[in-house]
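The next block holds one structure in the form of structure tokens; read it before the comments.
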Amino acid sequence: MPPSGRDGWDPPARDCSNGDDAGRGPRVGRWPPVWRGVGSERGSAVVEFVFLGVLLLVPVVYLVLTVGQVQAGSFAVVGAADQAAKVYVDAPTRQEADARARQAVRLALSDFGFTEEQAAVEIMCSAECLTPGSRVTVVVRLEVPLPLIPAVAGSYPSAATVDAESAQIVERFG
């Protein structure tokens, strides 16, 4: 016999011939078996949650890593420019001042995980460098690489370029 209900289940037929059921309403059989379509959906909520969670979580985590990398680069260039200007004005000769300033930049960048190749250092003097009262300005620019993306053939995929400038005055009385 073909199923007649929407789900293929009909309540059992009742026998009303003897009048025992009079006034009690229809006789209901047992509840229908588990719906056929529902059984195939079992456990799919967990799969959908995990799939959507990973799909949404991975870009958010990568964004947080990128913002952290840019912030680290910002801190690195500020420290590098400040320290380079300070050691430059304290050196006795221009050659030694330049070497000390570049070493200070290298150390400040390495503290935050960056290399010297990613940065550009520019040193400018208002007058003759290292003369008393002259102003020394150091500018450090850094190409902040994208996190988790390797450098290919010396090129760094950049998330941003950050720079900082610091100035110091050479002491008049040494």
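Here's how to read the names in the structure tokens: chain A, B, ... by the order shown, residue numbers from 1 in each chain, ligand numbers from 1 in the order shown.
All residues of protein, DNA or RNA that reach within 7 Å of stretch 60-72 of chain A, judged by only C-alpha atoms and not counting those fewer than 3 positions away in the chain, are A:Leu56, A:Leu57, A:Phe75, A:Ala76, A:Phe112, A:Val144, A:Leu146, A:Pro147, A:Ala160.
One finds atom CA of A:Val138 at 25.3 Å from atom CA of A:Pro157.
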Report the distance between atom CA of A:Ala80 and atom CA of A:Val105 in Å, rounded to one decimal place.
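Those two atoms sit 4.5 Å apart.
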I need the strand (DSSP E) residues of stretch 14-171 of chain A per DSSP on the backbone, written as a ChimeraX atom specification.
/A:119-125,135-145,158-169
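Interatomic distance, atom CA of A:Ser155 against atom CA of A:Glu122: 21.0 Å.
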Between A:Glu128, A:Leu52, A:Glu165, A:Glu116, single out the one closest to A:Val140, counting only C-alpha atoms.
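Checking each of A:Glu128, A:Leu52, A:Glu165, A:Glu116 against A:Val140, counting only C-alpha atoms, the winner is A:Glu165.
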From a backbone DSSP assignment, name each residue in stretch 96-169 of chain A labelled helix (DSSP H, G or I), as a compact mmCIF listing (two decimals) with N, CA and C atoms, in the first residue's frame.
# COMPACT_ATOMS: atom_id res chain seq x y z
N GLU A 96 83.18 57.87 12.39
CA GLU A 96 82.78 57.10 13.55
C GLU A 96 81.32 57.36 13.90
N ALA A 97 80.87 58.61 13.73
CA ALA A 97 79.47 58.95 14.00
C ALA A 97 78.54 58.18 13.07
N ASP A 98 78.89 58.12 11.79
CA ASP A 98 78.07 57.39 10.82
C ASP A 98 78.03 55.90 11.16
N ALA A 99 79.17 55.32 11.50
CA ALA A 99 79.22 53.90 11.84
C ALA A 99 78.40 53.61 13.10
N ARG A 100 78.53 54.49 14.12
CA ARG A 100 77.78 54.30 15.36
C ARG A 100 76.27 54.43 15.12
N ALA A 101 75.88 55.40 14.32
CA ALA A 101 74.46 55.60 14.05
C ALA A 101 73.87 54.41 13.31
N ARG A 102 74.57 53.90 12.33
CA ARG A 102 74.07 52.74 11.58
C ARG A 102 74.02 51.49 12.46
N GLN A 103 74.98 51.35 13.36
CA GLN A 103 74.96 50.23 14.30
C GLN A 103 73.76 50.35 15.26
N ALA A 104 73.48 51.57 15.71
CA ALA A 104 72.32 51.78 16.60
C ALA A 104 71.02 51.44 15.87
N VAL A 105 70.92 51.82 14.61
CA VAL A 105 69.73 51.48 13.82
C VAL A 105 69.61 49.97 13.67
N ARG A 106 70.72 49.31 13.37
CA ARG A 106 70.72 47.86 13.19
C ARG A 106 70.25 47.16 14.48
N LEU A 107 70.76 47.61 15.63
CA LEU A 107 70.36 47.00 16.91
C LEU A 107 68.89 47.25 17.23
N ALA A 108 68.43 48.48 17.02
CA ALA A 108 67.03 48.80 17.33
C ALA A 108 66.08 48.00 16.44
N LEU A 109 66.42 47.86 15.18
CA LEU A 109 65.56 47.08 14.28
C LEU A 109 65.57 45.60 14.63
N SER A 110 66.75 45.08 14.98
CA SER A 110 66.82 43.65 15.30
C SER A 110 66.07 43.32 16.59
N ASP A 111 65.95 44.29 17.49
CA ASP A 111 65.17 44.06 18.71
C ASP A 111 63.70 43.76 18.40
N GLU A 116 68.37 45.05 8.54
CA GLU A 116 68.88 46.32 8.04
C GLU A 116 68.50 46.53 6.56
N GLU A 117 68.34 45.45 5.82
CA GLU A 117 67.98 45.55 4.41
C GLU A 117 66.58 46.11 4.20
N GLN A 118 65.73 45.97 5.19
CA GLN A 118 64.36 46.46 5.07
C GLN A 118 64.25 47.95 5.37
Tell me which of A:Val121, A:Ala151, A:Val170, A:Ala45 sits closest to A:Arg135, counting only C-alpha atoms.
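Of the candidates, the smallest distance to A:Arg135 is held by A:Val170.
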